[in-house]
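Student: Just so it is clear, I am handing over upload_24.cif, which has mmCIF, C-alpha atoms and all ligand atoms.
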data_protein
#
loop_
_atom_site.label_atom_id
_atom_site.label_comp_id
_atom_site.auth_asym_id
_atom_site.auth_seq_id
_atom_site.Cartn_x
_atom_site.Cartn_y
_atom_site.Cartn_z
CA MET L 367 38.47 -20.88 73.11
CA SER L 368 36.12 -18.13 71.99
CA LEU L 369 32.44 -18.12 71.12
CA VAL L 370 31.37 -18.41 67.47
CA ALA L 371 27.60 -18.86 67.79
CA ARG L 372 24.99 -19.46 70.48
CA SER L 373 21.39 -20.74 70.52
CA PHE L 374 18.82 -21.09 73.27
CA VAL L 375 15.86 -23.47 73.49
CA ARG L 376 13.11 -24.11 76.01
CA VAL L 377 11.24 -27.44 75.87
CA PRO L 378 8.08 -28.38 77.80
CA ALA L 379 7.50 -31.49 79.87
CA THR L 380 5.01 -33.92 78.33
CA THR L 381 2.56 -36.46 79.62
CA THR L 382 1.34 -39.28 77.40
CA ASN L 383 -1.34 -41.96 77.18
CA LEU L 384 -3.77 -39.89 79.33
CA GLY L 385 -5.31 -43.27 80.14
CA PRO L 386 -6.67 -44.86 76.93
CA GLY L 387 -4.42 -43.17 74.34
CA PHE L 388 -1.56 -45.62 74.85
CA ASP L 389 1.49 -44.72 72.75
CA CYS L 390 -0.37 -42.16 70.64
CA LEU L 391 -1.87 -39.31 72.71
CA GLY L 392 0.28 -36.63 74.37
CA LEU L 393 -0.06 -33.29 76.14
CA ALA L 394 2.54 -30.56 76.76
CA LEU L 395 2.79 -29.16 80.30
CA GLY L 396 4.02 -25.79 81.56
CA LEU L 397 7.22 -27.11 83.13
CA TYR L 398 10.42 -26.55 81.15
CA ASN L 399 14.00 -27.58 80.51
CA GLU L 400 16.29 -24.94 79.04
CA LEU L 401 19.41 -25.40 76.98
CA ALA L 402 21.96 -22.83 75.85
CA LEU L 403 24.21 -24.34 73.18
CA GLU L 404 27.45 -22.63 72.24
CA MET L 405 29.81 -23.30 69.37
CA HIS L 406 33.44 -22.34 70.07
CA ASP L 407 36.27 -21.81 67.63
CA ASP L 408 38.49 -24.66 68.85
CA ALA L 409 37.95 -28.37 68.12
CA GLY L 410 37.39 -31.02 70.78
CA ASP L 411 35.00 -32.99 72.96
CA PRO L 412 31.73 -31.40 74.03
CA VAL L 413 31.55 -29.63 77.39
CA ILE L 414 28.34 -30.38 79.32
CA LYS L 415 27.04 -28.39 82.27
CA ILE L 416 23.76 -29.40 83.92
CA GLU L 417 21.84 -27.71 86.74
CA GLY L 418 18.65 -28.95 88.39
CA GLU L 419 16.95 -32.30 87.77
CA GLY L 420 19.44 -35.05 86.93
CA ALA L 421 22.46 -32.83 87.63
CA GLN L 422 24.10 -35.66 89.59
CA ALA L 423 23.02 -38.58 87.43
CA LEU L 424 23.13 -37.49 83.77
CA PRO L 425 26.24 -38.42 81.73
CA ARG L 426 28.69 -35.69 80.72
CA ASP L 427 29.93 -37.34 77.53
CA ASN L 428 28.72 -38.26 74.05
CA SER L 429 26.21 -40.70 75.51
CA ASN L 430 24.17 -37.77 76.88
CA LEU L 431 20.88 -37.56 74.90
CA MET L 432 21.15 -33.80 74.25
CA VAL L 433 24.63 -34.33 72.88
CA LYS L 434 23.65 -37.36 70.75
CA ALA L 435 20.72 -35.41 69.30
CA ALA L 436 22.79 -32.29 68.61
CA ARG L 437 25.56 -34.33 67.01
CA SER L 438 23.07 -36.11 64.74
CA VAL L 439 22.34 -32.70 63.18
CA ILE L 440 25.69 -30.99 63.41
CA ALA L 441 28.58 -33.42 63.82
CA ASP L 442 29.55 -33.88 60.22
CA ARG L 443 29.19 -30.23 59.42
CA THR L 444 31.64 -28.74 61.90
CA PRO L 445 34.63 -29.96 63.88
CA ARG L 446 34.08 -27.17 66.40
CA ARG L 447 33.63 -27.65 70.11
CA LEU L 448 30.06 -27.57 71.45
CA VAL L 449 29.29 -26.35 74.96
CA PHE L 450 25.94 -27.43 76.46
CA LYS L 451 24.51 -25.47 79.42
CA ALA L 452 21.28 -27.11 80.60
CA LYS L 453 18.83 -26.04 83.31
CA ASN L 454 16.47 -28.93 83.98
CA ASN L 455 13.12 -28.70 85.73
CA ILE L 456 11.61 -31.94 84.39
CA PRO L 457 12.12 -34.85 86.83
CA LEU L 458 13.83 -37.92 85.33
CA ALA L 459 12.18 -41.33 84.79
CA ARG L 460 8.81 -40.12 86.11
CA GLY L 461 6.72 -40.29 82.91
CA LEU L 462 7.13 -36.57 82.17
CA GLY L 463 9.10 -36.76 78.94
CA SER L 464 12.57 -35.81 80.22
CA SER L 465 14.26 -37.90 77.49
CA ALA L 466 12.10 -36.39 74.76
CA ALA L 467 12.88 -32.92 76.14
CA ALA L 468 16.63 -33.63 76.06
CA ILE L 469 16.46 -34.90 72.46
CA VAL L 470 14.25 -32.06 71.24
CA ALA L 471 16.50 -29.51 73.00
CA GLY L 472 19.67 -30.93 71.41
CA LEU L 473 18.15 -31.15 67.91
CA PHE L 474 16.56 -27.70 67.84
CA ALA L 475 19.51 -25.92 69.48
CA ALA L 476 21.98 -27.53 67.05
CA ASN L 477 19.75 -26.86 64.06
CA ARG L 478 19.64 -23.18 65.02
CA LEU L 479 23.44 -23.00 65.05
CA LEU L 480 23.68 -24.27 61.48
CA ARG L 481 23.81 -21.93 58.55
CA LYS L 482 21.38 -22.96 55.78
CA PRO L 483 20.15 -25.52 54.91
CA ALA L 484 18.72 -26.05 58.37
CA LEU L 485 16.05 -28.72 58.93
CA SER L 486 12.32 -27.93 59.14
CA ARG L 487 10.25 -28.52 62.28
CA GLU L 488 8.62 -31.51 60.56
CA GLN L 489 12.01 -33.03 59.67
CA LEU L 490 13.20 -32.51 63.24
CA PHE L 491 10.02 -34.20 64.49
CA GLN L 492 10.84 -37.29 62.41
CA TYR L 493 14.46 -37.27 63.66
CA ALA L 494 13.35 -36.86 67.27
CA ALA L 495 10.70 -39.57 67.00
CA VAL L 496 13.26 -42.07 65.72
CA LEU L 497 15.93 -41.09 68.27
CA GLU L 498 13.50 -41.14 71.20
CA GLY L 499 11.38 -44.12 70.16
CA HIS L 500 8.30 -42.53 71.78
CA PRO L 501 6.74 -40.11 69.28
CA ASP L 502 3.82 -39.58 71.67
CA ASN L 503 6.19 -37.55 73.92
CA VAL L 504 8.05 -35.91 71.06
CA ALA L 505 5.00 -34.43 69.28
CA PRO L 506 3.72 -32.32 72.21
CA ALA L 507 7.30 -31.36 73.19
CA ILE L 508 7.76 -29.88 69.70
CA TYR L 509 4.29 -28.59 68.84
CA GLY L 510 2.74 -27.96 72.28
CA GLY L 511 -0.86 -28.65 73.35
CA LEU L 512 -2.70 -31.92 72.84
CA THR L 513 -1.40 -34.14 70.05
CA ALA L 514 -2.13 -37.47 68.41
CA VAL L 515 0.52 -39.45 66.54
CA VAL L 516 -0.26 -42.06 63.92
CA LYS L 517 2.41 -44.40 62.60
CA GLU L 518 2.27 -44.97 58.85
CA ASN L 519 4.89 -47.33 57.47
CA LYS L 520 8.10 -45.93 58.93
CA ASP L 521 6.85 -42.36 59.28
CA PHE L 522 5.03 -40.77 62.16
CA LYS L 523 2.18 -38.41 61.36
CA PHE L 524 1.36 -35.74 63.87
CA TYR L 525 -2.13 -34.27 64.40
CA PRO L 526 -2.89 -31.29 66.67
CA LEU L 527 -6.07 -31.73 68.75
CA LYS L 528 -7.98 -29.02 70.58
CA ALA L 529 -7.68 -28.59 74.34
CA HIS L 530 -10.21 -26.39 76.18
CA PRO L 531 -8.79 -23.06 77.44
CA ARG L 532 -9.74 -23.96 81.03
CA LEU L 533 -7.99 -27.34 80.98
CA GLY L 534 -5.43 -27.71 83.77
CA ALA L 535 -3.19 -30.53 84.98
CA VAL L 536 -2.02 -31.86 88.31
CA VAL L 537 0.98 -34.14 88.32
CA CYS L 538 1.80 -36.12 91.44
CA VAL L 539 5.51 -37.01 91.30
CA PRO L 540 6.60 -39.81 93.64
CA ASP L 541 10.16 -39.90 94.97
CA PHE L 542 11.09 -43.04 93.01
CA GLU L 543 12.13 -43.46 89.40
CA LEU L 544 10.50 -45.94 87.02
CA PRO L 545 12.55 -46.48 83.85
CA THR L 546 10.35 -46.76 80.76
CA SER L 547 12.08 -50.01 79.78
CA GLN L 548 10.96 -51.58 83.08
CA ALA L 549 7.40 -50.27 82.68
CA ARG L 550 7.21 -51.67 79.13
CA ALA L 551 8.69 -55.03 80.07
CA VAL L 552 5.56 -55.92 82.08
CA LEU L 553 3.20 -55.38 79.12
CA PRO L 554 1.83 -58.31 77.10
CA ASN L 555 2.54 -58.37 73.36
CA SER L 556 -1.09 -58.85 72.41
CA VAL L 557 -4.31 -57.55 73.89
CA LEU L 558 -7.81 -58.93 74.29
CA ARG L 559 -10.54 -57.60 72.02
CA ASN L 560 -12.71 -56.56 74.97
CA ASP L 561 -9.84 -54.53 76.42
CA ALA L 562 -9.22 -52.88 73.04
CA VAL L 563 -12.90 -51.99 72.70
CA GLU L 564 -12.95 -50.51 76.21
CA ASN L 565 -10.01 -48.31 75.33
CA ILE L 566 -11.45 -47.23 71.99
CA SER L 567 -14.71 -46.20 73.66
CA ARG L 568 -12.84 -44.17 76.29
CA ALA L 569 -10.55 -42.52 73.76
CA LEU L 570 -13.67 -41.56 71.77
CA LEU L 571 -14.98 -39.83 74.90
CA LEU L 572 -11.67 -38.33 75.97
CA THR L 573 -10.78 -36.16 72.98
CA PRO L 574 -14.15 -34.33 72.79
CA ALA L 575 -14.20 -34.06 76.61
CA LEU L 576 -10.82 -32.28 76.51
CA GLU L 577 -11.91 -30.07 73.61
CA LYS L 578 -15.30 -29.05 74.93
CA GLY L 579 -14.50 -28.99 78.64
CA ARG L 580 -16.81 -31.90 79.50
CA TRP L 581 -15.02 -32.32 82.85
CA ASP L 582 -17.76 -34.72 84.01
CA TRP L 583 -16.69 -37.22 81.33
CA LEU L 584 -13.02 -37.30 82.33
CA ALA L 585 -13.22 -39.80 85.21
CA GLN L 586 -14.66 -42.42 82.85
CA ALA L 587 -12.71 -41.35 79.77
CA MET L 588 -9.25 -41.59 81.41
CA LYS L 589 -9.60 -45.22 82.50
CA ASP L 590 -7.45 -47.76 80.67
CA SER L 591 -7.38 -51.50 80.09
CA LEU L 592 -4.26 -51.85 77.91
CA HIS L 593 -1.30 -50.84 80.10
CA GLN L 594 -2.28 -49.61 83.55
CA PRO L 595 -3.54 -52.95 84.89
CA TYR L 596 -0.04 -54.40 84.26
CA ARG L 597 1.88 -51.38 85.51
CA ALA L 598 -0.16 -50.86 88.69
CA ALA L 599 2.06 -53.25 90.63
CA LEU L 600 5.11 -51.06 89.90
CA VAL L 601 3.56 -48.02 91.60
CA PRO L 602 2.59 -48.64 95.25
CA GLY L 603 -0.90 -47.33 95.95
CA PHE L 604 -1.60 -46.72 92.25
CA ASN L 605 -5.35 -47.44 92.27
CA GLU L 606 -5.86 -45.62 95.57
CA VAL L 607 -4.12 -42.50 94.24
CA LEU L 608 -6.38 -42.49 91.16
CA GLN L 609 -9.43 -42.91 93.36
CA ALA L 610 -8.29 -40.17 95.78
CA ALA L 611 -7.91 -37.74 92.85
CA ARG L 612 -11.37 -38.51 91.51
CA GLN L 613 -12.94 -38.12 94.95
CA ALA L 614 -11.24 -34.75 95.57
CA GLY L 615 -12.65 -32.93 92.52
CA ILE L 616 -14.17 -33.31 89.08
CA CYS L 617 -11.29 -34.86 87.15
CA GLY L 618 -9.88 -37.88 85.41
CA ALA L 619 -6.67 -39.54 86.54
CA ALA L 620 -4.17 -41.88 84.91
CA LEU L 621 -0.55 -42.97 84.95
CA SER L 622 1.57 -40.21 83.36
CA GLY L 623 3.33 -41.88 80.43
CA ALA L 624 5.04 -45.02 81.65
CA GLY L 625 5.04 -43.66 85.25
CA SER L 626 5.93 -43.25 87.99
CA SER L 627 3.98 -39.97 88.18
CA ILE L 628 0.21 -39.84 88.22
CA LEU L 629 -1.65 -37.25 86.16
CA ALA L 630 -5.02 -35.69 86.89
CA LEU L 631 -6.77 -33.50 84.32
CA CYS L 632 -9.37 -31.04 85.60
CA PRO L 633 -10.57 -27.47 85.03
CA LYS L 634 -8.14 -24.79 86.27
CA GLY L 635 -9.14 -23.50 89.70
CA PRO L 636 -8.96 -24.21 93.41
CA ASP L 637 -9.90 -27.89 93.05
CA ALA L 638 -6.58 -28.58 91.33
CA ALA L 639 -4.56 -28.01 94.50
CA LYS L 640 -7.09 -30.10 96.46
CA ILE L 641 -6.72 -32.97 93.98
CA GLY L 642 -2.93 -32.72 94.33
CA ARG L 643 -3.10 -32.87 98.14
CA ALA L 644 -5.39 -35.91 97.98
CA MET L 645 -2.96 -37.75 95.69
CA VAL L 646 0.04 -36.94 97.94
CA ALA L 647 -1.91 -38.21 100.98
CA ALA L 648 -2.89 -41.43 99.19
CA PHE L 649 0.72 -42.10 98.17
CA SER L 650 1.83 -41.33 101.70
CA SER L 651 -0.53 -43.94 103.15
CA HIS L 652 1.39 -46.47 101.01
CA GLY L 653 4.74 -45.26 102.34
CA VAL L 654 5.59 -43.23 99.20
CA LYS L 655 6.74 -39.61 99.44
CA SER L 656 5.53 -37.43 96.59
CA ARG L 657 4.93 -33.84 95.55
CA ALA L 658 2.05 -32.42 93.54
CA LEU L 659 2.62 -29.91 90.74
CA VAL L 660 -0.34 -27.88 89.51
CA LEU L 661 0.58 -27.04 85.92
CA PRO L 662 -0.91 -25.15 83.00
CA ILE L 663 -1.03 -26.72 79.54
CA ASP L 664 1.83 -25.55 77.32
CA ARG L 665 0.41 -24.49 73.96
CA GLU L 666 3.58 -23.42 72.21
CA GLY L 667 5.95 -26.38 72.24
CA VAL L 668 9.69 -25.94 71.82
CA ARG L 669 10.79 -22.31 71.72
CA VAL L 670 14.04 -21.43 69.93
CA LYS L 671 16.06 -18.23 70.13
N1 LIG L 701 3.58 -44.30 75.71
C1 LIG L 701 4.82 -44.70 76.33
C2 LIG L 701 4.55 -45.75 77.38
C3 LIG L 701 5.45 -43.48 76.92
O1 LIG L 701 3.52 -45.68 78.03
O2 LIG L 701 5.36 -46.66 77.54
C4 LIG L 701 6.87 -43.65 77.24
O3 LIG L 701 7.40 -42.40 77.64
#
What would the structure in this file look like if it were written as structure tokens?

Tutor:
Amino acid sequence: MSLVARSFVRVPATTTNLGPGFDCLGLALGLYNELALEMHDDAGDPVIKIEGEGAQALPRDNSNLMVKAARSVIADRTPRRLVFKAKNNIPLARGLGSSAAAIVAGLFAANRLLRKPALSREQLFQYAAVLEGHPDNVAPAIYGGLTAVVKENKDFKFYPLKAHPRLGAVVCVPDFELPTSQARAVLPNSVLRNDAVENISRALLLTPALEKGRWDWLAQAMKDSLHQPYRAALVPGFNEVLQAARQAGICGAALSGAGSSILALCPKGPDAAKIGRAMVAAFSSHGVKSRALVLPIDREGVRVK
């Protein structure tokens, strides 16, 4: 088989909720998956090569999310064989958007291989949001930075929000996976008005705090009453890790997405590493091994070549 066309994409990790912004607020992080997608001149099943995170576990057939996403754009337009070469740095099932990254990578890489009419970024966002089911991860993976998503009828509307240039992130990644389905199964279907009001008030604080660099507001603004109280039992030491982060530096801390990682947001600088060490130590005192990643905010979103 010989090569007909090739595309390359890089997709950032994403963290969502950020405490009170359940299912609507997301942030792109400077940690990336890469995908080279090749189209060859023979016909046949896709070939899938994966290095890094998930190399052992991820499926190598049409059930793979990158492949599903790519085929949703390309399948009917060419019978040619697709070869996927992925380098993954985003840990799986840790609340860091690995599924969204796989879907966005497959869609954008396949779209690039097509001759006109290719789909627009906005169209690909709608595709990705439907395929992934969590538009709060998809929006920052595609557009970068801090994003809000609003659902209107069947469509998802995306809004870019401002994030202060000094904003930094620390992600504490425990050594156990927490599938999103499991973390959603523990949530009630309805919420109490008081809990909703608490979250609205914190979300009102959080977005200007992130824009203006009001680091002193973050500890209060990143608390949550809608999902974390139910999910805490799934993450040993959860409340202690949050508290350890807040005691180690000026920051806010929350479950990253549906977990299992814990996110702290703080100004860039030496305190970030200190906050990370404090979270690792708190996990460790509950018998959980973890590693802390000090990450910049990604402001570009998916990059396509
Ligand atoms: N907002 C979603 C949740 C993220 O918390 O369940 C899933 O990746």

Student: What's the separation between atom CA of L:Val413 and atom CA of L:Arg426, in Å to one decimal place?

Tutor: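 If I compute the distance from atom CA of L:Val413 to atom CA of L:Arg426, I get 7.5 Å.
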
Student: Let me see if you get this right: every residue at most 9 Å from ligand LIG 701 (chain L), counting only C-alpha atoms and all ligand atoms, written as an MDAnalysis selection string.

Tutor: chainID L and resid 380:383 387:392 459:466 498:503 546:547 549:550 593:594 621:625

Student: Can you work out the spacing between atom CA of L:Gln489 and atom CA of L:Ile663 in Å, to one decimal?

Tutor: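 Going from atom CA of L:Gln489 over to atom CA of L:Ile663 covers 24.6 Å.
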
Student: With a distance cut-off of 8 Å and all atoms listed in the file, select the neighbouring residues of stretch 453-455 of chain L, excluding the residue or stretch itself and same-chain residues fewer than 3 positions from it, and output the selection as an NGL selection string.

Tutor: :L and (397-401 or 416-420)

Student: Just C-alpha atoms for this one: save the residues we selected as a PDB file, in the frame of the given file.

Tutor:
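again_39.pdb was written with the following content:
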ATOM      1  CA  LEU L 397       7.220 -27.110  83.130  1.00  0.00           C
ATOM      2  CA  TYR L 398      10.420 -26.550  81.150  1.00  0.00           C
ATOM      3  CA  ASN L 399      14.000 -27.580  80.510  1.00  0.00           C
ATOM      4  CA  GLU L 400      16.290 -24.940  79.040  1.00  0.00           C
ATOM      5  CA  LEU L 401      19.410 -25.400  76.980  1.00  0.00           C
ATOM      6  CA  ILE L 416      23.760 -29.400  83.920  1.00  0.00           C
ATOM      7  CA  GLU L 417      21.840 -27.710  86.740  1.00  0.00           C
ATOM      8  CA  GLY L 418      18.650 -28.950  88.390  1.00  0.00           C
ATOM      9  CA  GLU L 419      16.950 -32.300  87.770  1.00  0.00           C
ATOM     10  CA  GLY L 420      19.440 -35.050  86.930  1.00  0.00           C
TER      11      GLY L 420
END

Student: What's the 6 Å shell around stretch 469-475 of chain L, counting all atoms listed in the file, without same-chain residues fewer than 2 positions away, as a list in words?

Tutor: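 Residues near the query, excluding close chain neighbours: Ser373, Val375, Leu431, Met432, Ala435, Ala436, Ala466, Ala467, Asn477 and Arg478 of chain L.
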
Student: Which residues are close to L:Lys434, i.e. within 10 Å by only C-alpha atoms, leaving aside same-chain residues fewer than 3 positions away? Reply as a PDB file with C-alpha atoms, keeping the file's coordinate frame.

Tutor:
ATOM      1  CA  ASP L 427      29.930 -37.340  77.530  1.00  0.00           C
ATOM      2  CA  ASN L 428      28.720 -38.260  74.050  1.00  0.00           C
ATOM      3  CA  SER L 429      26.210 -40.700  75.510  1.00  0.00           C
ATOM      4  CA  ASN L 430      24.170 -37.770  76.880  1.00  0.00           C
ATOM      5  CA  LEU L 431      20.880 -37.560  74.900  1.00  0.00           C
ATOM      6  CA  ARG L 437      25.560 -34.330  67.010  1.00  0.00           C
ATOM      7  CA  SER L 438      23.070 -36.110  64.740  1.00  0.00           C
ATOM      8  CA  VAL L 439      22.340 -32.700  63.180  1.00  0.00           C
ATOM      9  CA  ILE L 440      25.690 -30.990  63.410  1.00  0.00           C
ATOM     10  CA  ALA L 441      28.580 -33.420  63.820  1.00  0.00           C
ATOM     11  CA  ALA L 468      16.630 -33.630  76.060  1.00  0.00           C
ATOM     12  CA  ILE L 469      16.460 -34.900  72.460  1.00  0.00           C
ATOM     13  CA  GLY L 472      19.670 -30.930  71.410  1.00  0.00           C
ATOM     14  CA  LEU L 473      18.150 -31.150  67.910  1.00  0.00           C
ATOM     15  CA  LEU L 497      15.930 -41.090  68.270  1.00  0.00           C
TER      16      LEU L 497
END

Student: Find the spatial neighbours of L:Val449, counting only C-alpha atoms, within a cut-off of 10 Å - ignore same-chain residues fewer than 6 positions away - and output them as an MDAnalysis selection string.

Tutor: chainID L and resid 369 372 402:406 411:415 433

Student: Could you dump the residues just selected with C-alpha atoms as a CSV table (one decimal), keeping the file's coordinate frame?

Tutor:
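The resulting selection34.csv:
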chain,number,residue,atom,x,y,z
L,369,LEU,CA,32.4,-18.1,71.1
L,372,ARG,CA,25.0,-19.5,70.5
L,402,ALA,CA,22.0,-22.8,75.8
L,403,LEU,CA,24.2,-24.3,73.2
L,404,GLU,CA,27.4,-22.6,72.2
L,405,MET,CA,29.8,-23.3,69.4
L,406,HIS,CA,33.4,-22.3,70.1
L,411,ASP,CA,35.0,-33.0,73.0
L,412,PRO,CA,31.7,-31.4,74.0
L,413,VAL,CA,31.6,-29.6,77.4
L,414,ILE,CA,28.3,-30.4,79.3
L,415,LYS,CA,27.0,-28.4,82.3
L,433,VAL,CA,24.6,-34.3,72.9

Student: Please identify every residue of stretch 621-658 of chain L that has at least one atom no farther than 10 Å from an atom of stretch 584-591 of chain L, counting all atoms listed in the file, and for each give the shortest atom pair and the distance in Å to one decimal, arranged by chain then increasing number, as CSV.

Tutor:
residue,atom,partner,partner_atom,distance
L:Leu621,CA,L:Asp590,CA,9.4
L:Leu629,CA,L:Met588,CA,10.0
L:Ala630,CA,L:Met588,CA,9.1
L:Leu631,CA,L:Leu584,CA,7.6
L:Cys632,CA,L:Leu584,CA,8.0

Student: Can you take the partial stretch 546-561 of chain L, add N, CA, C and O atoms, and return it as a PDB file, keeping the file's coordinate frame?

Tutor:
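The resulting file, part_31.pdb, is shown below:
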ATOM      1  N   THR L 546      11.357 -46.353  81.748  1.00  0.00           N
ATOM      2  CA  THR L 546      10.350 -46.760  80.760  1.00  0.00           C
ATOM      3  C   THR L 546      10.550 -48.209  80.336  1.00  0.00           C
ATOM      4  O   THR L 546       9.571 -48.951  80.150  1.00  0.00           O
ATOM      5  N   SER L 547      11.819 -48.631  80.214  1.00  0.00           N
ATOM      6  CA  SER L 547      12.080 -50.010  79.780  1.00  0.00           C
ATOM      7  C   SER L 547      11.453 -51.006  80.756  1.00  0.00           C
ATOM      8  O   SER L 547      10.879 -52.018  80.353  1.00  0.00           O
ATOM      9  N   GLN L 548      11.539 -50.700  82.048  1.00  0.00           N
ATOM     10  CA  GLN L 548      10.960 -51.580  83.080  1.00  0.00           C
ATOM     11  C   GLN L 548       9.427 -51.568  82.984  1.00  0.00           C
ATOM     12  O   GLN L 548       8.782 -52.617  83.097  1.00  0.00           O
ATOM     13  N   ALA L 549       8.865 -50.381  82.749  1.00  0.00           N
ATOM     14  CA  ALA L 549       7.400 -50.270  82.680  1.00  0.00           C
ATOM     15  C   ALA L 549       6.853 -50.888  81.393  1.00  0.00           C
ATOM     16  O   ALA L 549       5.678 -51.243  81.325  1.00  0.00           O
ATOM     17  N   ARG L 550       7.671 -51.019  80.366  1.00  0.00           N
ATOM     18  CA  ARG L 550       7.210 -51.670  79.130  1.00  0.00           C
ATOM     19  C   ARG L 550       7.416 -53.177  79.187  1.00  0.00           C
ATOM     20  O   ARG L 550       6.698 -53.934  78.532  1.00  0.00           O
ATOM     21  N   ALA L 551       8.392 -53.591  79.995  1.00  0.00           N
ATOM     22  CA  ALA L 551       8.690 -55.030  80.070  1.00  0.00           C
ATOM     23  C   ALA L 551       7.529 -55.829  80.657  1.00  0.00           C
ATOM     24  O   ALA L 551       7.406 -57.033  80.394  1.00  0.00           O
ATOM     25  N   VAL L 552       6.669 -55.184  81.446  1.00  0.00           N
ATOM     26  CA  VAL L 552       5.560 -55.920  82.080  1.00  0.00           C
ATOM     27  C   VAL L 552       4.333 -56.020  81.171  1.00  0.00           C
ATOM     28  O   VAL L 552       3.345 -56.664  81.523  1.00  0.00           O
ATOM     29  N   LEU L 553       4.380 -55.388  79.994  1.00  0.00           N
ATOM     30  CA  LEU L 553       3.200 -55.380  79.120  1.00  0.00           C
ATOM     31  C   LEU L 553       3.159 -56.617  78.239  1.00  0.00           C
ATOM     32  O   LEU L 553       4.193 -57.055  77.732  1.00  0.00           O
ATOM     33  N   PRO L 554       1.947 -57.169  78.020  1.00  0.00           N
ATOM     34  CA  PRO L 554       1.830 -58.310  77.100  1.00  0.00           C
ATOM     35  C   PRO L 554       1.994 -57.829  75.661  1.00  0.00           C
ATOM     36  O   PRO L 554       1.764 -56.662  75.363  1.00  0.00           O
ATOM     37  N   ASN L 555       2.365 -58.745  74.769  1.00  0.00           N
ATOM     38  CA  ASN L 555       2.540 -58.370  73.360  1.00  0.00           C
ATOM     39  C   ASN L 555       1.234 -58.253  72.605  1.00  0.00           C
ATOM     40  O   ASN L 555       1.149 -57.598  71.589  1.00  0.00           O
ATOM     41  N   SER L 556       0.205 -58.961  73.085  1.00  0.00           N
ATOM     42  CA  SER L 556      -1.090 -58.850  72.410  1.00  0.00           C
ATOM     43  C   SER L 556      -2.156 -58.521  73.445  1.00  0.00           C
ATOM     44  O   SER L 556      -1.962 -58.746  74.637  1.00  0.00           O
ATOM     45  N   VAL L 557      -3.266 -57.972  72.962  1.00  0.00           N
ATOM     46  CA  VAL L 557      -4.310 -57.550  73.890  1.00  0.00           C
ATOM     47  C   VAL L 557      -5.623 -58.250  73.552  1.00  0.00           C
ATOM     48  O   VAL L 557      -5.818 -58.710  72.422  1.00  0.00           O
ATOM     49  N   LEU L 558      -6.507 -58.311  74.524  1.00  0.00           N
ATOM     50  CA  LEU L 558      -7.810 -58.930  74.290  1.00  0.00           C
ATOM     51  C   LEU L 558      -8.749 -57.945  73.603  1.00  0.00           C
ATOM     52  O   LEU L 558      -8.680 -56.744  73.846  1.00  0.00           O
ATOM     53  N   ARG L 559      -9.639 -58.492  72.754  1.00  0.00           N
ATOM     54  CA  ARG L 559     -10.540 -57.600  72.020  1.00  0.00           C
ATOM     55  C   ARG L 559     -11.385 -56.746  72.955  1.00  0.00           C
ATOM     56  O   ARG L 559     -11.557 -55.554  72.728  1.00  0.00           O
ATOM     57  N   ASN L 560     -11.884 -57.346  74.049  1.00  0.00           N
ATOM     58  CA  ASN L 560     -12.710 -56.560  74.970  1.00  0.00           C
ATOM     59  C   ASN L 560     -11.941 -55.373  75.538  1.00  0.00           C
ATOM     60  O   ASN L 560     -12.486 -54.280  75.693  1.00  0.00           O
ATOM     61  N   ASP L 561     -10.656 -55.616  75.871  1.00  0.00           N
ATOM     62  CA  ASP L 561      -9.840 -54.530  76.420  1.00  0.00           C
ATOM     63  C   ASP L 561      -9.633 -53.441  75.369  1.00  0.00           C
ATOM     64  O   ASP L 561      -9.690 -52.243  75.668  1.00  0.00           O
TER      65      ASP L 561
END
